[in-house]
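**Student:** Sharing my_file-v3.tsv (TSV, C-alpha atoms) below.
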chain	number	residue	atom	x	y	z
V	1250	MET	CA	96.61	55.74	-146.29
V	1251	SER	CA	93.46	54.12	-144.97
V	1252	GLU	CA	92.32	50.89	-143.38
V	1253	GLN	CA	92.08	49.42	-146.87
V	1254	ASN	CA	95.56	50.67	-147.84
V	1255	PRO	CA	97.80	50.61	-144.74
V	1256	ILE	CA	101.51	51.46	-144.85
V	1257	ARG	CA	103.51	48.22	-144.94
V	1258	VAL	CA	106.33	48.43	-142.36
V	1259	PHE	CA	109.32	46.15	-141.82
V	1260	VAL	CA	111.21	46.47	-138.54
V	1261	THR	CA	114.66	44.88	-138.32
V	1262	HIS	CA	114.71	41.70	-136.26
V	1263	ALA	CA	116.78	38.58	-135.65
V	1264	PHE	CA	113.76	36.26	-135.53
V	1265	SER	CA	112.90	37.32	-132.01
V	1266	GLU	CA	110.78	40.15	-130.64
V	1267	SER	CA	113.19	42.39	-128.74
V	1268	ASP	CA	111.94	45.09	-126.37
V	1269	ASP	CA	112.61	47.80	-128.96
V	1270	TYR	CA	110.88	45.78	-131.69
V	1271	LEU	CA	107.71	45.50	-129.58
V	1272	ARG	CA	108.00	49.12	-128.44
V	1273	ILE	CA	107.80	50.37	-132.06
V	1274	PHE	CA	104.35	48.85	-132.42
V	1275	GLU	CA	103.22	50.11	-129.00
V	1276	PHE	CA	104.04	53.64	-130.18
V	1277	LEU	CA	102.32	53.17	-133.56
V	1278	GLU	CA	99.20	51.66	-131.98
V	1279	CYS	CA	98.57	54.77	-129.89
V	1280	VAL	CA	98.09	57.01	-132.95
V	1281	ASP	CA	94.49	57.55	-134.05
V	1282	ARG	CA	93.66	56.93	-137.71
V	1283	PHE	CA	97.14	55.67	-138.58
V	1284	TYR	CA	96.96	52.34	-140.36
V	1285	TYR	CA	99.95	50.11	-140.91
V	1286	LEU	CA	100.68	46.48	-141.61
V	1287	ASN	CA	103.66	44.80	-139.97
V	1288	VAL	CA	105.32	42.71	-142.70
V	1289	SER	CA	108.24	41.62	-140.52
V	1290	GLU	CA	107.63	38.14	-139.14
V	1291	PRO	CA	110.15	37.38	-136.37
V	1292	GLU	CA	108.13	34.40	-135.15
V	1293	ASP	CA	108.68	32.52	-138.44
V	1294	ARG	CA	112.34	31.56	-137.99
V	1295	PRO	CA	113.53	29.33	-140.84
V	1296	THR	CA	114.92	25.95	-139.86
V	1297	GLY	CA	117.66	25.98	-142.52
V	1298	GLY	CA	120.98	27.77	-142.54
V	1299	MET	CA	121.99	31.36	-143.13
V	1300	ALA	CA	121.04	31.24	-146.82
V	1301	GLU	CA	117.43	30.39	-145.93
V	1302	ILE	CA	117.37	33.07	-143.21
V	1303	LYS	CA	118.52	35.66	-145.74
V	1304	ASP	CA	115.92	34.52	-148.29
V	1305	VAL	CA	113.13	34.89	-145.72
V	1306	LEU	CA	114.35	38.37	-144.71
V	1307	VAL	CA	114.58	39.50	-148.35
V	1308	ASN	CA	110.99	38.34	-148.96
V	1309	GLN	CA	109.76	40.19	-145.86
V	1310	ILE	CA	111.58	43.38	-146.90
V	1311	LYS	CA	110.20	43.08	-150.46
V	1312	ASN	CA	106.69	43.41	-149.05
V	1313	ALA	CA	107.51	46.61	-147.13
V	1314	GLU	CA	107.10	50.23	-148.13
V	1315	ALA	CA	109.54	51.41	-145.44
V	1316	VAL	CA	112.10	49.81	-143.12
V	1317	ILE	CA	112.72	50.86	-139.52
V	1318	VAL	CA	116.25	50.08	-138.37
V	1319	LEU	CA	116.76	49.39	-134.66
V	1320	PRO	CA	120.16	50.36	-133.25
V	1321	ASP	CA	120.05	47.79	-130.44
V	1322	LEU	CA	119.93	44.99	-133.00
V	1323	TYR	CA	122.75	46.62	-134.97
V	1324	GLU	CA	124.90	46.62	-131.82
V	1325	ALA	CA	124.15	42.91	-131.23
V	1326	GLN	CA	124.24	41.66	-134.84
V	1327	PRO	CA	125.78	44.22	-137.21
V	1328	ASP	CA	126.27	41.74	-140.07
V	1329	LEU	CA	122.60	40.75	-140.07
V	1330	VAL	CA	121.39	44.37	-139.92
V	1331	ASN	CA	123.81	45.37	-142.69
V	1332	PHE	CA	122.37	42.54	-144.79
V	1333	MET	CA	118.81	43.81	-144.16
V	1334	MET	CA	119.88	47.35	-145.06
V	1335	ASP	CA	121.56	46.05	-148.26
V	1336	ALA	CA	118.33	44.22	-149.15
V	1337	ALA	CA	116.32	47.40	-148.52
V	1338	ASP	CA	118.73	49.41	-150.68
V	1339	ALA	CA	118.53	46.82	-153.47
V	1340	GLY	CA	114.73	46.93	-153.35
V	1341	GLY	CA	114.58	50.73	-153.23
V	1342	LYS	CA	112.98	50.71	-149.78
V	1343	PRO	CA	113.46	53.87	-147.69
V	1344	MET	CA	114.96	53.32	-144.25
V	1345	ILE	CA	114.35	55.11	-140.97
V	1346	ALA	CA	116.83	54.87	-138.10
V	1347	ILE	CA	115.54	55.39	-134.60
V	1348	ARG	CA	117.70	56.54	-131.70
V	1349	PRO	CA	118.55	54.02	-128.98
V	1350	TYR	CA	115.72	53.97	-126.46
V	1351	GLY	CA	116.41	56.05	-123.36
V	1352	GLN	CA	119.22	58.04	-125.03
V	1353	ALA	CA	121.86	56.14	-123.02
V	1354	LYS	CA	123.94	55.70	-126.20
V	1355	GLU	CA	124.23	57.40	-129.53
V	1356	THR	CA	122.96	55.92	-132.76
V	1357	PRO	CA	125.82	54.23	-134.63
V	1358	LYS	CA	127.11	56.62	-137.29
V	1359	VAL	CA	126.76	54.02	-140.06
V	1360	LEU	CA	122.99	53.83	-139.42
V	1361	ILE	CA	122.61	57.60	-139.63
V	1362	GLU	CA	124.61	57.68	-142.88
V	1363	ARG	CA	122.76	54.79	-144.56
V	1364	THR	CA	119.19	55.68	-143.66
V	1365	ASN	CA	116.88	58.32	-145.12
V	1366	GLU	CA	115.79	59.67	-141.74
V	1367	HIS	CA	116.93	59.58	-138.13
V	1368	ILE	CA	114.16	60.04	-135.57
V	1369	GLU	CA	113.37	60.11	-131.87
V	1370	TRP	CA	111.26	57.68	-129.86
V	1371	ASN	CA	107.86	59.30	-130.12
V	1372	ALA	CA	104.76	58.27	-131.98
V	1373	ARG	CA	104.41	61.51	-133.91
V	1374	ASP	CA	107.95	61.36	-135.32
V	1375	MET	CA	107.48	57.70	-136.25
V	1376	VAL	CA	104.19	58.26	-138.07
V	1377	ASP	CA	105.43	61.39	-139.85
V	1378	ALA	CA	108.64	59.63	-140.97
V	1379	LEU	CA	106.68	56.62	-142.23
V	1380	LYS	CA	104.30	58.85	-144.18
V	1381	ARG	CA	107.18	60.83	-145.68
V	1382	GLN	CA	109.32	57.85	-146.58
V	1383	ALA	CA	106.71	55.25	-147.57
V	1384	ARG	CA	104.12	57.46	-149.28
V	1385	LEU	CA	106.02	60.72	-149.89
V	1386	GLU	CA	103.35	62.56	-147.88
V	1387	ASP	CA	104.29	65.76	-146.10
V	1388	THR	CA	102.32	66.05	-142.88
V	1389	ASN	CA	102.71	69.83	-142.38
V	1390	ARG	CA	101.59	69.53	-138.79
V	1391	TRP	CA	101.67	72.45	-136.43
V	1392	GLU	CA	102.35	72.28	-132.73
V	1393	VAL	CA	99.45	73.47	-130.61
V	1394	ILE	CA	100.42	74.95	-127.30
V	1395	ASP	CA	97.79	75.37	-124.61
V	1396	PHE	CA	98.27	78.31	-122.26
V	1397	PRO	CA	96.17	78.02	-119.11
V	1398	GLY	CA	93.97	81.08	-118.58
V	1399	PHE	CA	93.76	81.89	-122.30
V	1400	ASP	CA	91.57	80.77	-125.17
V	1401	ALA	CA	91.46	81.67	-128.87
V	1402	ASP	CA	90.03	85.12	-128.03
V	1403	GLY	CA	92.58	86.02	-125.34
V	1404	ASN	CA	92.28	86.15	-121.55
V	1405	ILE	CA	89.55	84.05	-119.97
V	1406	LYS	CA	87.60	86.35	-117.65
V	1407	GLU	CA	85.97	84.71	-114.70
Kindly return the structure encoded in the file as structure tokens.

**Tutor:**
Amino acid sequence: MSEQNPIRVFVTHAFSESDDYLRIFEFLECVDRFYYLNVSEPEDRPTGGMAEIKDVLVNQIKNAEAVIVLPDLYEAQPDLVNFMMDAADAGGKPMIAIRPYGQAKETPKVLIERTNEHIEWNARDMVDALKRQARLEDTNRWEVIDFPGFDADGNIKE
């Protein structure tokens, strides 16, 4: 993954930019050297009926390497989200479910069962899940814990 080859991400939407939809990209933008391309286009709502809406969504999902499924949209429009998940399944696109923001509710069980991964709202989990699902890359990151008063050689003597 590089600037020339970003991960193509589709985030579920109902042709509007919900708070959670925008929040995904705020989290991804704060990660250094992580390059992605948003292939979901909520601003381009088709003027036709449901058949045209579905065609547009299928074309957006076709361009993605991974799909992020938002539980708030599932709660509001389960039929539409199920359609997007069916389209992702049909296209062999891996799906990532994210917990409801703020942990006030639980993720619907059907989302957990149908997606490849279920993650928290933090940039590191999002990036790692996208790398694993879209590019089959294992990040193998280690947590670094900083203990005040100590450095790599032990106690800091003043």

**Student:** When you count all atoms listed in the file, which of these residues is closest to Ile1317 in chain V: V:Arg1257, V:Arg1384, V:Lys1303, V:Lys1354?

**Tutor:**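 Distance minimum relative to Ile1317 in chain V lands on V:Arg1257.
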
**Student:** Need to verify the contact set: range 1330-1343 of chain V, 6 Å, all atoms listed in the file, exclusion of same-chain residues closer than 4 positions in sequence. Can you return it as a list of chain:residue names?

**Tutor:**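 Selected residues are V:Ala1315, V:Tyr1323, V:Gln1382.
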
**Student:** Name all residues at most 8 Å from range 1275-1281 of chain V (count all atoms listed in the file; drop same-chain ones fewer than 2 positions away) and give them as a PyMOL selection string.

**Tutor:** chain V and resi 1271-1273+1283+1371-1373+1375-1376

**Student:** Between V:Glu1301, V:Asp1269, V:Glu1252, V:Asp1387, which residue has the minimum interatomic distance to Asp1321 in chain V, considering all atoms listed in the file?

**Tutor:**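 Using all atoms listed in the file, the shortest distance to Asp1321 in chain V belongs to V:Asp1269.
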
**Student:** Which residue is closest to Pro1349 in chain V? Choose from V:Tyr1270, V:Trp1370, V:Tyr1285, V:Phe1264 and count all atoms listed in the file.

**Tutor:**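 Ranked by minimum distance to Pro1349 in chain V, first place goes to V:Trp1370.
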
**Student:** Using only C-alpha atoms, can you tell me which of V:Val1258, V:Val1305, V:Leu1329, V:Leu1322 comes closest to Ile1345 in chain V?

**Tutor:** V:Val1258

**Student:** From the list V:Ser1265, V:Thr1356, V:Asn1312, V:Gln1253, which residue is nearest Pro1295 in chain V when using all atoms listed in the file?

**Tutor:**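 Of V:Ser1265, V:Thr1356, V:Asn1312, V:Gln1253, the one nearest Pro1295 in chain V, counting all atoms listed in the file, is V:Ser1265.
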
**Student:** Please indicate the distance in Å from CA of Leu1286 in chain V to CA of Pro1357 in chain V, rounded to one decimal place.

**Tutor:**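 Interatomic distance here is 27.2 Å.
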
**Student:** Between CA of Val1318 in chain V and CA of Met1344 in chain V, what distance in Å does the model show, to one decimal?

**Tutor:** 6.8 Å

**Student:** Which centre and which edge lengths, in Å to one decimal, describe the axis-aligned box that holds all listed atoms of range 1290-1297 of chain V after 4 Å is added on each side, as JSON?

**Tutor:**
{"center_x": 112.6, "center_y": 32.0, "center_z": -138.8, "size_x": 18.0, "size_y": 20.2, "size_z": 15.4}

**Student:** If I take CA of Ala1378 in chain V and CA of Ile1347 in chain V, how far is one from the other in Å, to one decimal?

**Tutor:**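 Between CA of Ala1378 in chain V and CA of Ile1347 in chain V the gap works out to 10.3 Å.
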
**Student:** From the options V:Val1316, V:Leu1385, V:Ile1302, V:Ala1325, which residue's atoms come nearest to Ser1289 in chain V, counting all atoms listed in the file?

**Tutor:**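 So, comparing all the options, the nearest one is V:Val1316.
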
**Student:** N, CA and C atoms are needed for range 1330-1364 of chain V; please write them out as a PDB file, in the coordinates of the input.

**Tutor:**
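Saved as part_2.pdb:
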ATOM      1  N   VAL V1330     122.050  43.090-139.637  1.00  0.00           N
ATOM      2  CA  VAL V1330     121.390  44.370-139.920  1.00  0.00           C
ATOM      3  C   VAL V1330     121.940  44.974-141.217  1.00  0.00           C
ATOM      4  N   ASN V1331     123.244  44.888-141.418  1.00  0.00           N
ATOM      5  CA  ASN V1331     123.810  45.370-142.690  1.00  0.00           C
ATOM      6  C   ASN V1331     123.216  44.619-143.869  1.00  0.00           C
ATOM      7  N   PHE V1332     123.002  43.309-143.722  1.00  0.00           N
ATOM      8  CA  PHE V1332     122.370  42.540-144.790  1.00  0.00           C
ATOM      9  C   PHE V1332     120.955  43.064-145.057  1.00  0.00           C
ATOM     10  N   MET V1333     120.174  43.301-143.985  1.00  0.00           N
ATOM     11  CA  MET V1333     118.810  43.810-144.160  1.00  0.00           C
ATOM     12  C   MET V1333     118.821  45.190-144.819  1.00  0.00           C
ATOM     13  N   MET V1334     119.781  46.022-144.450  1.00  0.00           N
ATOM     14  CA  MET V1334     119.880  47.350-145.060  1.00  0.00           C
ATOM     15  C   MET V1334     120.286  47.229-146.535  1.00  0.00           C
ATOM     16  N   ASP V1335     121.182  46.283-146.849  1.00  0.00           N
ATOM     17  CA  ASP V1335     121.560  46.050-148.260  1.00  0.00           C
ATOM     18  C   ASP V1335     120.337  45.597-149.061  1.00  0.00           C
ATOM     19  N   ALA V1336     119.533  44.705-148.472  1.00  0.00           N
ATOM     20  CA  ALA V1336     118.330  44.220-149.150  1.00  0.00           C
ATOM     21  C   ALA V1336     117.342  45.372-149.366  1.00  0.00           C
ATOM     22  N   ALA V1337     117.207  46.242-148.379  1.00  0.00           N
ATOM     23  CA  ALA V1337     116.320  47.400-148.520  1.00  0.00           C
ATOM     24  C   ALA V1337     116.833  48.335-149.610  1.00  0.00           C
ATOM     25  N   ASP V1338     118.134  48.581-149.627  1.00  0.00           N
ATOM     26  CA  ASP V1338     118.730  49.410-150.680  1.00  0.00           C
ATOM     27  C   ASP V1338     118.469  48.806-152.054  1.00  0.00           C
ATOM     28  N   ALA V1339     118.706  47.497-152.184  1.00  0.00           N
ATOM     29  CA  ALA V1339     118.530  46.820-153.470  1.00  0.00           C
ATOM     30  C   ALA V1339     117.082  46.889-153.936  1.00  0.00           C
ATOM     31  N   GLY V1340     116.146  46.870-152.991  1.00  0.00           N
ATOM     32  CA  GLY V1340     114.730  46.930-153.350  1.00  0.00           C
ATOM     33  C   GLY V1340     114.180  48.344-153.412  1.00  0.00           C
ATOM     34  N   GLY V1341     115.035  49.342-153.189  1.00  0.00           N
ATOM     35  CA  GLY V1341     114.580  50.730-153.230  1.00  0.00           C
ATOM     36  C   GLY V1341     113.666  51.106-152.078  1.00  0.00           C
ATOM     37  N   LYS V1342     113.829  50.448-150.948  1.00  0.00           N
ATOM     38  CA  LYS V1342     112.980  50.710-149.780  1.00  0.00           C
ATOM     39  C   LYS V1342     113.629  51.787-148.915  1.00  0.00           C
ATOM     40  N   PRO V1343     112.898  52.842-148.572  1.00  0.00           N
ATOM     41  CA  PRO V1343     113.460  53.870-147.690  1.00  0.00           C
ATOM     42  C   PRO V1343     113.625  53.312-146.278  1.00  0.00           C
ATOM     43  N   MET V1344     114.663  53.798-145.604  1.00  0.00           N
ATOM     44  CA  MET V1344     114.960  53.320-144.250  1.00  0.00           C
ATOM     45  C   MET V1344     114.925  54.477-143.253  1.00  0.00           C
ATOM     46  N   ILE V1345     114.451  54.155-142.056  1.00  0.00           N
ATOM     47  CA  ILE V1345     114.350  55.110-140.970  1.00  0.00           C
ATOM     48  C   ILE V1345     115.109  54.543-139.781  1.00  0.00           C
ATOM     49  N   ALA V1346     116.095  55.284-139.303  1.00  0.00           N
ATOM     50  CA  ALA V1346     116.830  54.870-138.100  1.00  0.00           C
ATOM     51  C   ALA V1346     116.180  55.549-136.903  1.00  0.00           C
ATOM     52  N   ILE V1347     116.104  54.828-135.818  1.00  0.00           N
ATOM     53  CA  ILE V1347     115.540  55.390-134.600  1.00  0.00           C
ATOM     54  C   ILE V1347     116.635  55.391-133.535  1.00  0.00           C
ATOM     55  N   ARG V1348     116.668  56.429-132.733  1.00  0.00           N
ATOM     56  CA  ARG V1348     117.700  56.540-131.700  1.00  0.00           C
ATOM     57  C   ARG V1348     117.572  55.394-130.689  1.00  0.00           C
ATOM     58  N   PRO V1349     118.658  55.036-130.041  1.00  0.00           N
ATOM     59  CA  PRO V1349     118.550  54.020-128.980  1.00  0.00           C
ATOM     60  C   PRO V1349     117.574  54.503-127.907  1.00  0.00           C
ATOM     61  N   TYR V1350     116.739  53.604-127.444  1.00  0.00           N
ATOM     62  CA  TYR V1350     115.720  53.970-126.460  1.00  0.00           C
ATOM     63  C   TYR V1350     116.375  54.426-125.163  1.00  0.00           C
ATOM     64  N   GLY V1351     115.899  55.519-124.618  1.00  0.00           N
ATOM     65  CA  GLY V1351     116.410  56.050-123.360  1.00  0.00           C
ATOM     66  C   GLY V1351     117.611  56.973-123.516  1.00  0.00           C
ATOM     67  N   GLN V1352     118.115  57.130-124.732  1.00  0.00           N
ATOM     68  CA  GLN V1352     119.220  58.040-125.030  1.00  0.00           C
ATOM     69  C   GLN V1352     120.509  57.719-124.265  1.00  0.00           C
ATOM     70  N   ALA V1353     120.655  56.506-123.760  1.00  0.00           N
ATOM     71  CA  ALA V1353     121.860  56.140-123.020  1.00  0.00           C
ATOM     72  C   ALA V1353     123.082  56.109-123.943  1.00  0.00           C
ATOM     73  N   LYS V1354     122.859  55.773-125.215  1.00  0.00           N
ATOM     74  CA  LYS V1354     123.940  55.700-126.200  1.00  0.00           C
ATOM     75  C   LYS V1354     123.536  56.513-127.413  1.00  0.00           C
ATOM     76  N   GLU V1355     124.502  56.726-128.266  1.00  0.00           N
ATOM     77  CA  GLU V1355     124.230  57.400-129.530  1.00  0.00           C
ATOM     78  C   GLU V1355     123.934  56.362-130.610  1.00  0.00           C
ATOM     79  N   THR V1356     123.213  56.781-131.612  1.00  0.00           N
ATOM     80  CA  THR V1356     122.960  55.920-132.760  1.00  0.00           C
ATOM     81  C   THR V1356     124.274  55.706-133.499  1.00  0.00           C
ATOM     82  N   PRO V1357     124.592  54.458-133.863  1.00  0.00           N
ATOM     83  CA  PRO V1357     125.820  54.230-134.630  1.00  0.00           C
ATOM     84  C   PRO V1357     125.834  55.090-135.894  1.00  0.00           C
ATOM     85  N   LYS V1358     126.977  55.684-136.166  1.00  0.00           N
ATOM     86  CA  LYS V1358     127.110  56.620-137.290  1.00  0.00           C
ATOM     87  C   LYS V1358     126.738  55.981-138.622  1.00  0.00           C
ATOM     88  N   VAL V1359     127.064  54.704-138.796  1.00  0.00           N
ATOM     89  CA  VAL V1359     126.760  54.020-140.060  1.00  0.00           C
ATOM     90  C   VAL V1359     125.253  53.974-140.302  1.00  0.00           C
ATOM     91  N   LEU V1360     124.450  53.844-139.255  1.00  0.00           N
ATOM     92  CA  LEU V1360     122.990  53.830-139.420  1.00  0.00           C
ATOM     93  C   LEU V1360     122.486  55.194-139.866  1.00  0.00           C
ATOM     94  N   ILE V1361     123.017  56.239-139.269  1.00  0.00           N
ATOM     95  CA  ILE V1361     122.610  57.600-139.630  1.00  0.00           C
ATOM     96  C   ILE V1361     122.955  57.874-141.097  1.00  0.00           C
ATOM     97  N   GLU V1362     124.146  57.428-141.509  1.00  0.00           N
ATOM     98  CA  GLU V1362     124.610  57.680-142.880  1.00  0.00           C
ATOM     99  C   GLU V1362     123.825  56.886-143.917  1.00  0.00           C
ATOM    100  N   ARG V1363     123.408  55.672-143.572  1.00  0.00           N
ATOM    101  CA  ARG V1363     122.760  54.790-144.560  1.00  0.00           C
ATOM    102  C   ARG V1363     121.255  54.953-144.650  1.00  0.00           C
ATOM    103  N   THR V1364     120.640  55.575-143.662  1.00  0.00           N
ATOM    104  CA  THR V1364     119.190  55.680-143.660  1.00  0.00           C
ATOM    105  C   THR V1364     118.731  57.033-144.200  1.00  0.00           C
TER     106      THR V1364
END
